[in-house]
file final_29.pdb (PDB, C-alpha atoms and all ligand atoms)
ATOM      1  CA  MET B   1     -41.397 -33.989  18.008
ATOM      2  CA  ASP B   2     -40.260 -32.034  14.958
ATOM      3  CA  ASN B   3     -36.689 -30.944  14.795
ATOM      4  CA  LEU B   4     -36.255 -27.389  15.938
ATOM      5  CA  VAL B   5     -34.232 -25.399  13.420
ATOM      6  CA  ILE B   6     -32.799 -22.064  14.480
ATOM      7  CA  VAL B   7     -31.301 -19.944  11.729
ATOM      8  CA  VAL B   8     -28.985 -17.227  12.990
ATOM      9  CA  ASP B   9     -27.635 -14.815  10.416
ATOM     10  CA  MET B  10     -24.050 -13.667  10.571
ATOM     11  CA  ARG B  11     -24.001  -9.950  11.308
ATOM     12  CA  VAL B  12     -21.699  -7.966   9.009
ATOM     13  CA  GLU B  13     -20.852  -4.365   9.899
ATOM     14  CA  ALA B  14     -18.318  -1.630   9.206
ATOM     15  CA  VAL B  15     -16.818   0.811  11.704
ATOM     16  CA  ARG B  16     -14.223   3.572  11.452
ATOM     17  CA  GLY B  17     -11.443   2.764  13.891
ATOM     18  CA  ASP B  18      -8.256   1.047  14.957
ATOM     19  CA  ILE B  19      -8.352  -2.736  14.798
ATOM     20  CA  THR B  20      -5.878  -3.174  17.660
ATOM     21  CA  THR B  21      -8.421  -1.946  20.221
ATOM     22  CA  GLN B  22     -11.276  -4.203  19.097
ATOM     23  CA  ARG B  23     -12.667  -6.455  21.807
ATOM     24  CA  LEU B  24     -13.762  -9.282  19.559
ATOM     25  CA  ASP B  25     -12.686 -12.915  19.727
ATOM     26  CA  ALA B  26     -10.275 -12.523  16.830
ATOM     27  CA  ILE B  27      -8.695  -9.755  14.778
ATOM     28  CA  VAL B  28      -7.283 -10.405  11.336
ATOM     29  CA  ASN B  29      -3.827  -9.181  10.397
ATOM     30  CA  ALA B  30      -2.935  -8.183   6.844
ATOM     31  CA  ALA B  31       0.420  -9.898   7.200
ATOM     32  CA  ASN B  32       3.153 -10.556   4.709
ATOM     33  CA  SER B  33       4.244 -14.034   3.764
ATOM     34  CA  GLY B  34       7.199 -13.995   6.150
ATOM     35  CA  LEU B  35       4.971 -13.439   9.224
ATOM     36  CA  MET B  36       7.726 -11.412  10.872
ATOM     37  CA  GLY B  37       5.817  -8.161  11.165
ATOM     38  CA  GLY B  38       5.963  -5.175   8.858
ATOM     39  CA  GLY B  39       4.377  -1.805   8.328
ATOM     40  CA  GLY B  40       0.757  -0.682   8.242
ATOM     41  CA  VAL B  41      -1.764  -2.687  10.204
ATOM     42  CA  ASP B  42       0.773  -5.508  10.655
ATOM     43  CA  GLY B  43       3.162  -3.172  12.477
ATOM     44  CA  ALA B  44       0.342  -1.722  14.593
ATOM     45  CA  ILE B  45      -0.845  -5.205  15.630
ATOM     46  CA  HIS B  46       2.653  -6.404  16.562
ATOM     47  CA  ALA B  47       3.368  -3.185  18.464
ATOM     48  CA  ALA B  48       0.171  -3.510  20.492
ATOM     49  CA  ALA B  49       0.432  -7.269  21.016
ATOM     50  CA  GLY B  50       4.042  -7.258  22.200
ATOM     51  CA  PRO B  51       6.846  -9.778  21.626
ATOM     52  CA  ALA B  52       4.743 -12.865  22.390
ATOM     53  CA  LEU B  53       3.032 -12.469  19.017
ATOM     54  CA  LEU B  54       6.296 -12.415  17.084
ATOM     55  CA  ALA B  55       7.468 -15.473  19.019
ATOM     56  CA  GLU B  56       4.315 -17.347  18.015
ATOM     57  CA  CYS B  57       4.700 -16.261  14.399
ATOM     58  CA  ARG B  58       8.278 -17.558  14.362
ATOM     59  CA  GLU B  59       7.023 -20.890  15.640
ATOM     60  CA  VAL B  60       4.318 -21.044  12.948
ATOM     61  CA  ARG B  61       6.960 -20.313  10.315
ATOM     62  CA  ARG B  62       9.281 -22.987  11.686
ATOM     63  CA  THR B  63       6.672 -25.726  12.053
ATOM     64  CA  ALA B  64       3.856 -25.162   9.547
ATOM     65  CA  TYR B  65       5.035 -22.713   6.868
ATOM     66  CA  PRO B  66       8.827 -22.758   6.503
ATOM     67  CA  GLY B  67       8.471 -21.272   3.019
ATOM     68  CA  GLY B  68       6.148 -18.530   4.254
ATOM     69  CA  LEU B  69       2.354 -18.264   4.332
ATOM     70  CA  PRO B  70       1.016 -18.297   0.756
ATOM     71  CA  VAL B  71      -1.286 -15.577  -0.599
ATOM     72  CA  GLY B  72      -4.909 -16.283   0.344
ATOM     73  CA  TYR B  73      -4.033 -18.531   3.301
ATOM     74  CA  ALA B  74      -4.712 -17.763   6.968
ATOM     75  CA  VAL B  75      -3.302 -18.998  10.259
ATOM     76  CA  ALA B  76      -4.346 -18.209  13.840
ATOM     77  CA  THR B  77      -2.066 -17.441  16.780
ATOM     78  CA  GLY B  78      -2.637 -16.078  20.260
ATOM     79  CA  ALA B  79      -2.957 -12.318  20.602
ATOM     80  CA  GLY B  80      -0.351 -11.340  23.217
ATOM     81  CA  ASN B  81      -1.435  -8.158  25.026
ATOM     82  CA  LEU B  82      -4.301  -7.375  22.652
ATOM     83  CA  PRO B  83      -7.880  -7.458  23.960
ATOM     84  CA  ALA B  84      -8.708 -10.072  21.315
ATOM     85  CA  ARG B  85      -8.022 -13.734  22.014
ATOM     86  CA  TRP B  86      -6.603 -14.660  18.614
ATOM     87  CA  VAL B  87      -4.841 -12.955  15.750
ATOM     88  CA  ILE B  88      -5.560 -14.521  12.380
ATOM     89  CA  HIS B  89      -2.763 -13.739   9.933
ATOM     90  CA  THR B  90      -3.612 -13.681   6.250
ATOM     91  CA  VAL B  91      -1.562 -12.667   3.228
ATOM     92  CA  GLY B  92      -3.315 -10.514   0.664
ATOM     93  CA  PRO B  93      -2.408 -10.333  -3.015
ATOM     94  CA  ASN B  94      -0.039  -7.495  -3.935
ATOM     95  CA  TRP B  95      -1.451  -5.450  -6.837
ATOM     96  CA  HIS B  96       1.947  -3.905  -7.524
ATOM     97  CA  ARG B  97       3.469  -7.364  -8.028
ATOM     98  CA  GLY B  98       0.743  -8.267 -10.547
ATOM     99  CA  GLU B  99      -1.353 -10.269  -8.057
ATOM    100  CA  ARG B 100      -4.702  -9.029  -9.375
ATOM    101  CA  ASP B 101      -6.988 -12.076  -9.157
ATOM    102  CA  GLU B 102     -10.041 -11.260  -7.006
ATOM    103  CA  ALA B 103     -10.307 -14.955  -6.088
ATOM    104  CA  ASP B 104      -7.019 -14.650  -4.166
ATOM    105  CA  LEU B 105      -8.350 -11.667  -2.233
ATOM    106  CA  ALA B 106     -11.665 -13.436  -1.539
ATOM    107  CA  ALA B 107      -9.675 -16.435  -0.296
ATOM    108  CA  CYS B 108      -8.093 -14.257   2.425
ATOM    109  CA  PHE B 109     -11.494 -13.521   3.932
ATOM    110  CA  ALA B 110     -12.842 -17.054   3.525
ATOM    111  CA  SER B 111      -9.727 -18.754   4.898
ATOM    112  CA  SER B 112      -9.618 -16.318   7.834
ATOM    113  CA  LEU B 113     -13.207 -17.214   8.726
ATOM    114  CA  ALA B 114     -12.362 -20.907   8.374
ATOM    115  CA  GLU B 115      -9.499 -20.389  10.853
ATOM    116  CA  ALA B 116     -11.874 -18.510  13.165
ATOM    117  CA  ALA B 117     -14.312 -21.414  13.023
ATOM    118  CA  ARG B 118     -11.506 -23.897  13.640
ATOM    119  CA  VAL B 119     -10.326 -22.187  16.840
ATOM    120  CA  GLY B 120     -13.847 -21.288  18.006
ATOM    121  CA  ALA B 121     -13.733 -17.511  17.478
ATOM    122  CA  ARG B 122     -17.304 -16.300  16.965
ATOM    123  CA  SER B 123     -16.621 -12.603  16.386
ATOM    124  CA  VAL B 124     -13.966 -11.456  13.925
ATOM    125  CA  ALA B 125     -12.599  -8.016  13.009
ATOM    126  CA  PHE B 126     -11.032  -7.507   9.577
ATOM    127  CA  PRO B 127      -8.938  -4.660   8.203
ATOM    128  CA  ALA B 128      -9.114  -3.754   4.517
ATOM    129  CA  VAL B 129      -6.626  -6.445   3.502
ATOM    130  CA  SER B 130      -4.506  -5.402   0.470
ATOM    131  CA  ALA B 131      -5.945  -1.861   0.410
ATOM    132  CA  GLY B 132      -2.766  -0.298   1.836
ATOM    133  CA  VAL B 133       0.795  -0.893   0.682
ATOM    134  CA  TYR B 134      -0.397  -3.795  -1.497
ATOM    135  CA  GLY B 135      -2.249  -1.291  -3.636
ATOM    136  CA  TRP B 136      -5.748  -2.662  -4.284
ATOM    137  CA  ALA B 137      -8.557  -0.092  -4.697
ATOM    138  CA  GLY B 138     -10.598   0.243  -1.503
ATOM    139  CA  ALA B 139     -13.928  -0.146  -3.296
ATOM    140  CA  THR B 140     -12.769  -3.419  -4.852
ATOM    141  CA  VAL B 141     -11.569  -4.756  -1.508
ATOM    142  CA  ALA B 142     -14.905  -3.792   0.043
ATOM    143  CA  ARG B 143     -16.963  -5.543  -2.638
ATOM    144  CA  VAL B 144     -14.838  -8.704  -2.650
ATOM    145  CA  ALA B 145     -14.569  -8.891   1.155
ATOM    146  CA  ILE B 146     -18.276  -8.477   1.786
ATOM    147  CA  ALA B 147     -19.226 -11.056  -0.859
ATOM    148  CA  ALA B 148     -16.699 -13.499   0.599
ATOM    149  CA  VAL B 149     -17.948 -13.223   4.175
ATOM    150  CA  ARG B 150     -21.612 -13.338   3.149
ATOM    151  CA  GLY B 151     -20.900 -16.464   1.112
ATOM    152  CA  PHE B 152     -18.921 -18.193   3.864
ATOM    153  CA  GLU B 153     -20.117 -21.658   4.852
ATOM    154  CA  PRO B 154     -20.978 -22.821   7.419
ATOM    155  CA  SER B 155     -22.731 -19.478   7.880
ATOM    156  CA  ASP B 156     -23.542 -20.225  11.529
ATOM    157  CA  ALA B 157     -19.885 -20.682  12.575
ATOM    158  CA  VAL B 158     -19.313 -16.963  13.177
ATOM    159  CA  ASP B 159     -21.870 -14.520  14.636
ATOM    160  CA  LEU B 160     -20.216 -11.195  13.876
ATOM    161  CA  VAL B 161     -17.856  -9.876  11.223
ATOM    162  CA  ARG B 162     -16.744  -6.279  11.735
ATOM    163  CA  PHE B 163     -14.697  -4.436   9.128
ATOM    164  CA  VAL B 164     -12.557  -1.882  10.957
ATOM    165  CA  LEU B 165     -11.533   0.890   8.587
ATOM    166  CA  PHE B 166      -8.678   3.221   9.281
ATOM    167  CA  SER B 167      -9.790   6.130   7.060
ATOM    168  CA  ASP B 168     -13.045   7.928   6.318
ATOM    169  CA  ARG B 169     -12.666   7.081   2.662
ATOM    170  CA  LEU B 170     -12.352   3.326   3.260
ATOM    171  CA  TYR B 171     -15.205   3.459   5.747
ATOM    172  CA  ASP B 172     -17.400   5.118   3.093
ATOM    173  CA  GLU B 173     -16.397   2.509   0.503
ATOM    174  CA  PHE B 174     -17.339  -0.329   2.854
ATOM    175  CA  ALA B 175     -20.577   1.382   3.879
ATOM    176  CA  VAL B 176     -21.606   1.697   0.221
ATOM    177  CA  ALA B 177     -20.719  -1.933  -0.503
ATOM    178  CA  LEU B 178     -22.633  -3.151   2.560
ATOM    179  CA  ARG B 179     -25.793  -1.459   1.278
ATOM    180  CA  ALA B 180     -25.407  -2.888  -2.250
TER     181      ALA B 180
HETATM  182  P1  LIG J 201      -1.601  -4.486   2.850
HETATM  183  O1  LIG J 201      -0.116  -4.690   2.743
HETATM  184  O2  LIG J 201      -2.384  -5.780   2.890
HETATM  185  O3  LIG J 201      -2.115  -3.513   1.835
HETATM  186  P2  LIG J 201      -1.573  -2.455   4.946
HETATM  187  O4  LIG J 201      -1.305  -2.654   6.387
HETATM  188  O5  LIG J 201      -0.619  -1.622   4.168
HETATM  189  O6  LIG J 201      -1.767  -3.913   4.328
HETATM  190  O7  LIG J 201      -3.003  -1.821   4.766
HETATM  191  C1  LIG J 201      -4.187  -2.524   4.943
HETATM  192  C2  LIG J 201      -5.222  -1.572   5.483
HETATM  193  O8  LIG J 201      -5.060  -1.481   6.897
HETATM  194  C3  LIG J 201      -5.066  -0.145   4.950
HETATM  195  O9  LIG J 201      -6.342   0.289   4.517
HETATM  196  C4  LIG J 201      -4.600   0.635   6.163
HETATM  197  O10 LIG J 201      -5.119   1.958   6.148
HETATM  198  C5  LIG J 201      -5.223  -0.147   7.273
HETATM  199  N1  LIG J 201      -4.680   0.048   8.632
HETATM  200  C6  LIG J 201      -3.456   0.479   9.024
HETATM  201  N2  LIG J 201      -3.376   0.500  10.372
HETATM  202  C7  LIG J 201      -4.583   0.072  10.839
HETATM  203  C8  LIG J 201      -5.147  -0.122  12.131
HETATM  204  N3  LIG J 201      -4.455   0.113  13.253
HETATM  205  N4  LIG J 201      -6.446  -0.583  12.206
HETATM  206  C9  LIG J 201      -7.149  -0.839  11.105
HETATM  207  N5  LIG J 201      -6.679  -0.682   9.863
HETATM  208  C10 LIG J 201      -5.412  -0.232   9.723
END
call {"tool": "encode", "arguments": {"input": "final_29.pdb", "output": "structure tokens"}}
result
Amino acid sequence: MDNLVIVVDMRVEAVRGDITTQRLDAIVNAANSGLMGGGGVDGAIHAAAGPALLAECREVRRTAYPGGLPVGYAVATGAGNLPARWVIHTVGPNWHRGERDEADLAACFASSLAEAARVGARSVAFPAVSAGVYGWAGATVARVAIAAVRGFEPSDAVDLVRFVLFSDRLYDEFAVALRA
């Protein structure tokens, strides 16, 4: 008998909303290198997840990344009280500090999906990493993020990527980039 080959495309979508309420397997946190929480989406995720998330982050720092998580890397933890099962923490490049290489931003999305695949998360929500305090233009983040997830291999490791955008403007920028 011939081998049966089933090709399932990864679905990539954008929604306007709050990432902390997403019921997907994993949500991605735009963390800082210290992994100790912060403002923006990081603060919202820690507030909604509760202290268990910070405890896990401390443990990751102590055991795997004593010097902090480098830009472009990603690491998964549990999700505390969130509806998701995992939080994947990634550190975006900071435009204001001169971190302006798109490859570093693309690496955040690719390494987060690699972490998702490693833990078995098949649906992943992303915020607009680096488009807040870290100062990257939303349209650039949208273009780089979408190219990175569409180019991710193995493409059958994750079924759904959902960009969850916190403003109408960012939502529009992602919607435009998705159609390009
Ligand atoms: P960074 O430091 O990587 O720029 P920020 O948290 O400052 O991270 O911003 C990243 C993006 O996350 C911004 O576009 C911000 O509007 C957005 N954001 C903030 N809170 C939430 C939330 N609860 N859900 C989804 N996105 C959020």
call {"tool": "axis_aligned_box", "arguments": {"input": "final_29.pdb", "around": "ligand LIG 201 (chain J)", "padding_each_side": "3 Å", "output": "lines of an AutoDock Vina configuration file"}}
result
center_x = -3.6
center_y = -1.9
center_z = 7.5
size_x = 13.0
size_y = 13.7
size_z = 17.4
call {"tool": "residues_around", "arguments": {"input": "final_29.pdb", "residues": "Ser167 of chain B", "least_positions_apart": "3", "cutoff": "7 Å", "atoms": "all atoms listed in the file", "output": "number ranges by chain"}}
result
B: 16, 170-171
call {"tool": "write_last_selection", "arguments": {"input": "final_29.pdb", "atoms": "C-alpha atoms", "output": "compact mmCIF listing (two decimals), keeping the file's coordinate frame"}}
result
# COMPACT_ATOMS: atom_id res chain seq x y z
CA ARG B 16 -14.22 3.57 11.45
CA LEU B 170 -12.35 3.33 3.26
CA TYR B 171 -15.20 3.46 5.75
call {"tool": "residues_around", "arguments": {"input": "final_29.pdb", "residues": "Arg143 of chain B", "least_positions_apart": "6", "cutoff": "9 Å", "atoms": "all atoms listed in the file", "output": "ChimeraX atom specification"}}
result
/B:173-174,177-178,180
call {"tool": "resolve_selection", "arguments": {"input": "final_29.pdb", "expression": "the PyMOL selection byres (((not hetatm)) within 10 of (chain J and resi 201))", "output": "tab-separated table (two decimals) with C-alpha atoms, keeping the file's coordinate frame"}}
result
chain	number	residue	atom	x	y	z
B	15	VAL	CA	-16.82	0.81	11.70
B	16	ARG	CA	-14.22	3.57	11.45
B	17	GLY	CA	-11.44	2.76	13.89
B	18	ASP	CA	-8.26	1.05	14.96
B	19	ILE	CA	-8.35	-2.74	14.80
B	20	THR	CA	-5.88	-3.17	17.66
B	21	THR	CA	-8.42	-1.95	20.22
B	22	GLN	CA	-11.28	-4.20	19.10
B	27	ILE	CA	-8.70	-9.76	14.78
B	28	VAL	CA	-7.28	-10.40	11.34
B	29	ASN	CA	-3.83	-9.18	10.40
B	30	ALA	CA	-2.94	-8.18	6.84
B	31	ALA	CA	0.42	-9.90	7.20
B	32	ASN	CA	3.15	-10.56	4.71
B	38	GLY	CA	5.96	-5.18	8.86
B	39	GLY	CA	4.38	-1.80	8.33
B	40	GLY	CA	0.76	-0.68	8.24
B	41	VAL	CA	-1.76	-2.69	10.20
B	42	ASP	CA	0.77	-5.51	10.66
B	43	GLY	CA	3.16	-3.17	12.48
B	44	ALA	CA	0.34	-1.72	14.59
B	45	ILE	CA	-0.84	-5.20	15.63
B	47	ALA	CA	3.37	-3.18	18.46
B	48	ALA	CA	0.17	-3.51	20.49
B	90	THR	CA	-3.61	-13.68	6.25
B	91	VAL	CA	-1.56	-12.67	3.23
B	92	GLY	CA	-3.32	-10.51	0.66
B	93	PRO	CA	-2.41	-10.33	-3.02
B	94	ASN	CA	-0.04	-7.50	-3.94
B	95	TRP	CA	-1.45	-5.45	-6.84
B	105	LEU	CA	-8.35	-11.67	-2.23
B	125	ALA	CA	-12.60	-8.02	13.01
B	126	PHE	CA	-11.03	-7.51	9.58
B	127	PRO	CA	-8.94	-4.66	8.20
B	128	ALA	CA	-9.11	-3.75	4.52
B	129	VAL	CA	-6.63	-6.44	3.50
B	130	SER	CA	-4.51	-5.40	0.47
B	131	ALA	CA	-5.94	-1.86	0.41
B	132	GLY	CA	-2.77	-0.30	1.84
B	133	VAL	CA	0.80	-0.89	0.68
B	134	TYR	CA	-0.40	-3.80	-1.50
B	135	GLY	CA	-2.25	-1.29	-3.64
B	136	TRP	CA	-5.75	-2.66	-4.28
B	137	ALA	CA	-8.56	-0.09	-4.70
B	138	GLY	CA	-10.60	0.24	-1.50
B	141	VAL	CA	-11.57	-4.76	-1.51
B	163	PHE	CA	-14.70	-4.44	9.13
B	164	VAL	CA	-12.56	-1.88	10.96
B	165	LEU	CA	-11.53	0.89	8.59
B	166	PHE	CA	-8.68	3.22	9.28
B	167	SER	CA	-9.79	6.13	7.06
B	168	ASP	CA	-13.04	7.93	6.32
B	169	ARG	CA	-12.67	7.08	2.66
B	170	LEU	CA	-12.35	3.33	3.26
B	171	TYR	CA	-15.20	3.46	5.75
call {"tool": "resolve_selection", "arguments": {"input": "final_29.pdb", "expression": "the PyMOL selection byres (((chain B and resi 84) around 6) and not hetatm)", "output": "PyMOL selection string"}}
result
chain B and resi 23-26+82-83+85-86
call {"tool": "resolve_selection", "arguments": {"input": "final_29.pdb", "expression": "the PyMOL selection byres (((chain B and resi 146-150) around 8) and not hetatm)", "output": "PyMOL selection string"}}
result
chain B and resi 10+12+106-107+109-110+113+142-145+151-152+155+161+177-178
call {"tool": "closest_atom_pairs", "arguments": {"input": "final_29.pdb", "of": "segment 79-137 of chain B", "to": "segment 51-66 of chain B", "cutoff": "9 Å", "atoms": "all atoms listed in the file", "output": "tab-separated table"}}
result
residue	atom	partner	partner_atom	distance
B:Ala79	CA	B:Leu53	CA	6.2
B:Gly80	CA	B:Ala52	CA	5.4
B:Asn81	CA	B:Ala52	CA	8.2
B:Val87	CA	B:Leu53	CA	8.5
call {"tool": "closest_residue", "arguments": {"input": "final_29.pdb", "among": "B:Val5, B:Ala114, B:Ala49, B:Ala14", "to": "Glu153 of chain B", "atoms": "all atoms listed in the file"}}
result
B:Ala114
call {"tool": "closest_residue", "arguments": {"input": "final_29.pdb", "among": "B:Leu160, B:Leu4, B:Val71, B:Ala175", "to": "Ala103 of chain B", "atoms": "all atoms listed in the file"}}
result
B:Val71
call {"tool": "closest_residue", "arguments": {"input": "final_29.pdb", "among": "B:Leu35, B:His96, B:Ile88, B:Ser112", "to": "Gly72 of chain B", "atoms": "all atoms listed in the file"}}
result
B:Ser112
call {"tool": "atom_distance", "arguments": {"input": "final_29.pdb", "atom1": "atom CA of Thr77 of chain B", "atom2": "atom CA of Asp159 of chain B"}}
result
20.1 Å
call {"tool": "atom_distance", "arguments": {"input": "final_29.pdb", "atom1": "atom CA of Ala157 of chain B", "atom2": "atom CA of Met36 of chain B"}}
result
29.2 Å
call {"tool": "atom_distance", "arguments": {"input": "final_29.pdb", "atom1": "atom CA of Arg162 of chain B", "atom2": "atom CA of His46 of chain B"}}
result
20.0 Å
call {"tool": "build_atoms", "arguments": {"input": "final_29.pdb", "residues": "segment 10-20 of chain B", "atoms": "all heavy atoms", "output": "PDB file, in the coordinates of the input"}}
result
ATOM      1  N   MET B  10     -25.295 -14.332  10.220  1.00  0.00           N
ATOM      2  CA  MET B  10     -24.050 -13.667  10.571  1.00  0.00           C
ATOM      3  C   MET B  10     -24.267 -12.160  10.401  1.00  0.00           C
ATOM      4  O   MET B  10     -24.768 -11.715   9.385  1.00  0.00           O
ATOM      5  CB  MET B  10     -22.951 -14.146   9.620  1.00  0.00           C
ATOM      6  CG  MET B  10     -21.612 -13.495   9.850  1.00  0.00           C
ATOM      7  SD  MET B  10     -20.540 -13.713   8.400  1.00  0.00           S
ATOM      8  CE  MET B  10     -20.072 -15.417   8.540  1.00  0.00           C
ATOM      9  N   ARG B  11     -23.905 -11.399  11.424  1.00  0.00           N
ATOM     10  CA  ARG B  11     -24.001  -9.950  11.308  1.00  0.00           C
ATOM     11  C   ARG B  11     -22.714  -9.424  10.663  1.00  0.00           C
ATOM     12  O   ARG B  11     -21.623  -9.821  11.058  1.00  0.00           O
ATOM     13  CB  ARG B  11     -24.198  -9.350  12.704  1.00  0.00           C
ATOM     14  CG  ARG B  11     -24.333  -7.859  12.728  1.00  0.00           C
ATOM     15  CD  ARG B  11     -24.612  -7.325  14.137  1.00  0.00           C
ATOM     16  NE  ARG B  11     -24.349  -5.905  14.161  1.00  0.00           N
ATOM     17  CZ  ARG B  11     -25.174  -4.972  13.671  1.00  0.00           C
ATOM     18  NH1 ARG B  11     -26.337  -5.323  13.176  1.00  0.00           N
ATOM     19  NH2 ARG B  11     -24.863  -3.699  13.701  1.00  0.00           N
ATOM     20  N   VAL B  12     -22.862  -8.546   9.696  1.00  0.00           N
ATOM     21  CA  VAL B  12     -21.699  -7.966   9.009  1.00  0.00           C
ATOM     22  C   VAL B  12     -21.807  -6.450   9.120  1.00  0.00           C
ATOM     23  O   VAL B  12     -22.823  -5.874   8.726  1.00  0.00           O
ATOM     24  CB  VAL B  12     -21.652  -8.388   7.521  1.00  0.00           C
ATOM     25  CG1 VAL B  12     -20.391  -7.829   6.851  1.00  0.00           C
ATOM     26  CG2 VAL B  12     -21.689  -9.901   7.383  1.00  0.00           C
ATOM     27  N   GLU B  13     -20.773  -5.809   9.690  1.00  0.00           N
ATOM     28  CA  GLU B  13     -20.852  -4.365   9.899  1.00  0.00           C
ATOM     29  C   GLU B  13     -19.509  -3.707   9.598  1.00  0.00           C
ATOM     30  O   GLU B  13     -18.481  -4.379   9.509  1.00  0.00           O
ATOM     31  CB  GLU B  13     -21.282  -4.062  11.345  1.00  0.00           C
ATOM     32  CG  GLU B  13     -20.309  -4.583  12.386  1.00  0.00           C
ATOM     33  CD  GLU B  13     -20.849  -4.427  13.814  1.00  0.00           C
ATOM     34  OE1 GLU B  13     -22.076  -4.424  14.008  1.00  0.00           O
ATOM     35  OE2 GLU B  13     -20.008  -4.309  14.730  1.00  0.00           O
ATOM     36  N   ALA B  14     -19.544  -2.396   9.451  1.00  0.00           N
ATOM     37  CA  ALA B  14     -18.318  -1.630   9.206  1.00  0.00           C
ATOM     38  C   ALA B  14     -18.237  -0.511  10.228  1.00  0.00           C
ATOM     39  O   ALA B  14     -19.236   0.138  10.530  1.00  0.00           O
ATOM     40  CB  ALA B  14     -18.332  -1.043   7.791  1.00  0.00           C
ATOM     41  N   VAL B  15     -17.041  -0.304  10.787  1.00  0.00           N
ATOM     42  CA  VAL B  15     -16.818   0.811  11.704  1.00  0.00           C
ATOM     43  C   VAL B  15     -15.526   1.528  11.303  1.00  0.00           C
ATOM     44  O   VAL B  15     -14.625   0.934  10.713  1.00  0.00           O
ATOM     45  CB  VAL B  15     -16.718   0.368  13.185  1.00  0.00           C
ATOM     46  CG1 VAL B  15     -17.966  -0.370  13.632  1.00  0.00           C
ATOM     47  CG2 VAL B  15     -15.485  -0.485  13.431  1.00  0.00           C
ATOM     48  N   ARG B  16     -15.444   2.790  11.647  1.00  0.00           N
ATOM     49  CA  ARG B  16     -14.223   3.572  11.452  1.00  0.00           C
ATOM     50  C   ARG B  16     -13.430   3.396  12.731  1.00  0.00           C
ATOM     51  O   ARG B  16     -13.949   3.660  13.821  1.00  0.00           O
ATOM     52  CB  ARG B  16     -14.638   5.027  11.251  1.00  0.00           C
ATOM     53  CG  ARG B  16     -13.523   6.038  11.287  1.00  0.00           C
ATOM     54  CD  ARG B  16     -12.949   6.251   9.900  1.00  0.00           C
ATOM     55  NE  ARG B  16     -12.103   7.438   9.908  1.00  0.00           N
ATOM     56  CZ  ARG B  16     -10.849   7.456  10.364  1.00  0.00           C
ATOM     57  NH1 ARG B  16     -10.305   6.375  10.889  1.00  0.00           N
ATOM     58  NH2 ARG B  16     -10.152   8.571  10.318  1.00  0.00           N
ATOM     59  N   GLY B  17     -12.192   2.924  12.648  1.00  0.00           N
ATOM     60  CA  GLY B  17     -11.443   2.764  13.891  1.00  0.00           C
ATOM     61  C   GLY B  17     -10.122   2.048  13.719  1.00  0.00           C
ATOM     62  O   GLY B  17      -9.651   1.826  12.600  1.00  0.00           O
ATOM     63  N   ASP B  18      -9.557   1.700  14.871  1.00  0.00           N
ATOM     64  CA  ASP B  18      -8.256   1.047  14.957  1.00  0.00           C
ATOM     65  C   ASP B  18      -8.498  -0.405  15.368  1.00  0.00           C
ATOM     66  O   ASP B  18      -9.083  -0.678  16.416  1.00  0.00           O
ATOM     67  CB  ASP B  18      -7.430   1.784  16.026  1.00  0.00           C
ATOM     68  CG  ASP B  18      -6.064   1.176  16.250  1.00  0.00           C
ATOM     69  OD1 ASP B  18      -5.786   0.050  15.776  1.00  0.00           O
ATOM     70  OD2 ASP B  18      -5.254   1.839  16.932  1.00  0.00           O
ATOM     71  N   ILE B  19      -8.032  -1.329  14.550  1.00  0.00           N
ATOM     72  CA  ILE B  19      -8.352  -2.736  14.798  1.00  0.00           C
ATOM     73  C   ILE B  19      -7.694  -3.258  16.078  1.00  0.00           C
ATOM     74  O   ILE B  19      -8.204  -4.207  16.691  1.00  0.00           O
ATOM     75  CB  ILE B  19      -7.987  -3.598  13.570  1.00  0.00           C
ATOM     76  CG1 ILE B  19      -8.779  -4.909  13.591  1.00  0.00           C
ATOM     77  CG2 ILE B  19      -6.486  -3.847  13.485  1.00  0.00           C
ATOM     78  CD1 ILE B  19      -8.767  -5.648  12.280  1.00  0.00           C
ATOM     79  N   THR B  20      -6.602  -2.633  16.502  1.00  0.00           N
ATOM     80  CA  THR B  20      -5.878  -3.174  17.660  1.00  0.00           C
ATOM     81  C   THR B  20      -6.661  -3.025  18.966  1.00  0.00           C
ATOM     82  O   THR B  20      -6.343  -3.693  19.944  1.00  0.00           O
ATOM     83  CB  THR B  20      -4.493  -2.508  17.846  1.00  0.00           C
ATOM     84  OG1 THR B  20      -4.682  -1.124  18.133  1.00  0.00           O
ATOM     85  CG2 THR B  20      -3.639  -2.683  16.615  1.00  0.00           C
TER      86      THR B  20
END
